[in-house]
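Below: the structure, in structure tokens.
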Amino acid sequence: ALTYDDGPSPTATNAILDVLEKYNAVATFYDVGYRVAQYPDVVKREAALGCEVGSHSYDHKDFKKLSASQIQADVKQVNAAFAKAGVKPTSFRPPYGNTNATVHANVPLPIVTWSVDTLDWKTRNTQSTIDEVMRNLKDGDIILMHDIHTQTVDAALQLIPKLEEEGYQLVTVSEMAAAKNKTRY
Ligand code: ZN
């Protein structure tokens with residue numbers, strides 16, 4: 001399951017969606033609420049192409065540092081932004097992957113982290129992003145990338161056809177959970 005965080009971006013996300021559409025593949029997008037409000041059409045397109053749309057909080061705060069009521073306020077704000085776009089988020093990825101009992105108790109969606117971190121945000125290097133995936137990949141993996149960097153777009157252009165050629169089936173995180181008989185990751 002390829003996952004893209006921190007978007008939507010009208011340029012990067014749309015370019016990744018073009019590749020997914022071309023190869024009949026899907027990914028999961030963990031969108032940030034304030035960007036959902038800015039670019040609702042990109043979110044609509046993610047959903048229209050059969051991709052999973054998840055929440056990545058309203059403005060990327062560290063949820064470990066928030067109180068229960070602050071988390072609830074964030075959830076409300078995110079839901080309002082998604083409702084305006086006409087898309088319902090089906091899972092939640094906490095910013096920085098940071099969770100605790102308070103987060104679990106106050107976010108009403110399955111919480112999904114990842115198993116392979118490409119570090120695309122740090123290296124900003126197309127080849128290194130591709131190499132991290134190919135070096136670490138096994139069945140059932142959830143791969144973390146960010147649909148706000150051009151290098152990540154360039155990596156998608158090569159990765160998606162490459163993975164399909166090697167026989168991998170690209171699925172959303174919810175499809176993966178169902179296939180692996182897990183209720184959540
Ligand atoms: Zn993030």
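Residue names in the structure tokens use chain letters A, B, ... in the order shown, residue numbers from 1 in each chain, and ligand numbers from 1 in the order shown.
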
What are the closest atom pairs, with distances in Å to one decimal, for each residue of chain A lying within 7 Å of ligand 1, using only C-alpha atoms and all ligand atoms, rows by chain and rising residue number, as JSON lines?
{"residue": "A:Asp5", "atom": "CA", "partner": "ligand 1", "partner_atom_place_in_ligand_line": "1 (Zn)", "distance": 5.3}
{"residue": "A:Asp6", "atom": "CA", "partner": "ligand 1", "partner_atom_place_in_ligand_line": "1 (Zn)", "distance": 4.8}
{"residue": "A:His56", "atom": "CA", "partner": "ligand 1", "partner_atom_place_in_ligand_line": "1 (Zn)", "distance": 6.7}
{"residue": "A:His60", "atom": "CA", "partner": "ligand 1", "partner_atom_place_in_ligand_line": "1 (Zn)", "distance": 6.4}
{"residue": "A:Pro95", "atom": "CA", "partner": "ligand 1", "partner_atom_place_in_ligand_line": "1 (Zn)", "distance": 4.7}
{"residue": "A:Tyr96", "atom": "CA", "partner": "ligand 1", "partner_atom_place_in_ligand_line": "1 (Zn)", "distance": 5.9}

List as a JSON list (two decimals) with N, CA and C atoms, in the first residue's frame the protein and nucleic acid residues near Thr152 in chain A, meaning an atom at most 12 Å away when only C-alpha atoms are counted, but skip any in the same chain fewer than 6 places from it.
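After the write, selection_9.json holds the following:
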[["chain", "number", "residue", "atom", "x", "y", "z"],
["A", 2, "LEU", "N", 0.82, 1.98, -1.09],
["A", 2, "LEU", "CA", 1.54, 3.26, -1.14],
["A", 2, "LEU", "C", 0.68, 4.29, -0.42],
["A", 3, "THR", "N", 1.31, 5.09, 0.44],
["A", 3, "THR", "CA", 0.56, 6.15, 1.13],
["A", 3, "THR", "C", 1.29, 7.47, 0.95],
["A", 4, "TYR", "N", 0.50, 8.51, 0.75],
["A", 4, "TYR", "CA", 1.05, 9.84, 0.53],
["A", 4, "TYR", "C", 0.47, 10.81, 1.55],
["A", 5, "ASP", "N", 1.35, 11.45, 2.31],
["A", 5, "ASP", "CA", 0.93, 12.36, 3.38],
["A", 5, "ASP", "C", 1.16, 13.83, 3.00],
["A", 11, "THR", "N", -0.43, 20.40, -7.80],
["A", 11, "THR", "CA", 0.56, 19.94, -8.76],
["A", 11, "THR", "C", 1.00, 18.50, -8.46],
["A", 12, "ALA", "N", 1.63, 18.30, -7.30],
["A", 12, "ALA", "CA", 2.21, 16.98, -7.00],
["A", 12, "ALA", "C", 1.14, 15.89, -6.91],
["A", 13, "THR", "N", 0.06, 16.15, -6.19],
["A", 13, "THR", "CA", -0.96, 15.10, -6.02],
["A", 13, "THR", "C", -1.59, 14.76, -7.37],
["A", 15, "ALA", "N", -0.26, 14.98, -10.27],
["A", 15, "ALA", "CA", 0.70, 14.24, -11.09],
["A", 15, "ALA", "C", 0.76, 12.78, -10.65],
["A", 16, "ILE", "N", 0.69, 12.53, -9.34],
["A", 16, "ILE", "CA", 0.69, 11.14, -8.84],
["A", 16, "ILE", "C", -0.61, 10.45, -9.25],
["A", 118, "THR", "N", 10.27, 5.94, 3.46],
["A", 118, "THR", "CA", 11.21, 6.23, 2.36],
["A", 118, "THR", "C", 12.12, 7.41, 2.67],
["A", 119, "LEU", "N", 11.77, 8.22, 3.68],
["A", 119, "LEU", "CA", 12.50, 9.45, 4.01],
["A", 119, "LEU", "C", 12.56, 10.42, 2.83],
["A", 120, "ASP", "N", 11.54, 10.34, 1.98],
["A", 120, "ASP", "CA", 11.51, 11.21, 0.79],
["A", 120, "ASP", "C", 11.56, 12.69, 1.14],
["A", 121, "TRP", "N", 10.93, 13.04, 2.28],
["A", 121, "TRP", "CA", 10.89, 14.45, 2.71],
["A", 121, "TRP", "C", 12.28, 14.95, 3.09],
["A", 122, "LYS", "N", 13.14, 14.01, 3.49],
["A", 122, "LYS", "CA", 14.46, 14.38, 3.99],
["A", 122, "LYS", "C", 15.49, 14.36, 2.87],
["A", 123, "THR", "N", 15.49, 13.29, 2.09],
["A", 123, "THR", "CA", 16.51, 13.19, 1.04],
["A", 123, "THR", "C", 16.16, 14.04, -0.17],
["A", 124, "ARG", "N", 14.84, 14.23, -0.42],
["A", 124, "ARG", "CA", 14.37, 14.93, -1.63],
["A", 124, "ARG", "C", 15.12, 14.42, -2.85],
["A", 125, "ASN", "N", 15.24, 13.09, -2.90],
["A", 125, "ASN", "CA", 16.01, 12.47, -3.97],
["A", 125, "ASN", "C", 15.19, 11.33, -4.59],
["A", 126, "THR", "N", 14.95, 11.44, -5.87],
["A", 126, "THR", "CA", 14.09, 10.47, -6.56],
["A", 126, "THR", "C", 14.64, 9.05, -6.45],
["A", 127, "GLN", "N", 15.92, 8.87, -6.78],
["A", 127, "GLN", "CA", 16.50, 7.53, -6.79],
["A", 127, "GLN", "C", 16.52, 6.92, -5.40],
["A", 128, "SER", "N", 16.85, 7.73, -4.41],
["A", 128, "SER", "CA", 16.91, 7.21, -3.05],
["A", 128, "SER", "C", 15.51, 6.80, -2.56],
["A", 129, "THR", "N", 14.49, 7.55, -2.98],
["A", 129, "THR", "CA", 13.11, 7.20, -2.61],
["A", 129, "THR", "C", 12.72, 5.87, -3.24],
["A", 130, "ILE", "N", 13.08, 5.68, -4.50],
["A", 130, "ILE", "CA", 12.79, 4.40, -5.18],
["A", 130, "ILE", "C", 13.57, 3.26, -4.51],
["A", 133, "VAL", "N", 12.21, 1.95, -1.21],
["A", 133, "VAL", "CA", 11.04, 1.07, -1.40],
["A", 133, "VAL", "C", 11.50, -0.30, -1.86],
["A", 144, "LEU", "N", 5.47, 4.89, 3.32],
["A", 144, "LEU", "CA", 5.26, 6.32, 3.61],
["A", 144, "LEU", "C", 6.00, 7.22, 2.62],
["A", 145, "MET", "N", 5.22, 8.08, 1.95],
["A", 145, "MET", "CA", 5.80, 9.12, 1.09],
["A", 145, "MET", "C", 4.98, 10.40, 1.28],
["A", 146, "HIS", "N", 5.34, 11.45, 0.58],
["A", 146, "HIS", "CA", 4.69, 12.75, 0.75],
["A", 146, "HIS", "C", 4.37, 13.36, -0.60],
["A", 158, "GLN", "N", 8.27, 6.14, -11.78],
["A", 158, "GLN", "CA", 9.03, 4.91, -12.02],
["A", 158, "GLN", "C", 8.54, 3.76, -11.15],
["A", 159, "LEU", "N", 8.21, 4.08, -9.90],
["A", 159, "LEU", "CA", 7.87, 3.04, -8.92],
["A", 159, "LEU", "C", 6.60, 2.29, -9.27],
["A", 160, "ILE", "N", 5.56, 3.01, -9.65],
["A", 160, "ILE", "CA", 4.26, 2.38, -9.84],
["A", 160, "ILE", "C", 4.31, 1.33, -10.96]]

With only C-alpha atoms as the atoms that count, which of A:Pro89, A:Pro40, A:Gly167, A:Gly140 lies nearest to Pro110 in chain A? A:Pro89

Neighbours of range 66-76 of chain A within 12 Å (only C-alpha atoms; same-chain residues fewer than 4 positions away dropped), as a PyMOL selection string? chain A and resi 32-34+54-62+80-83+89+91-92+94-95+98-109
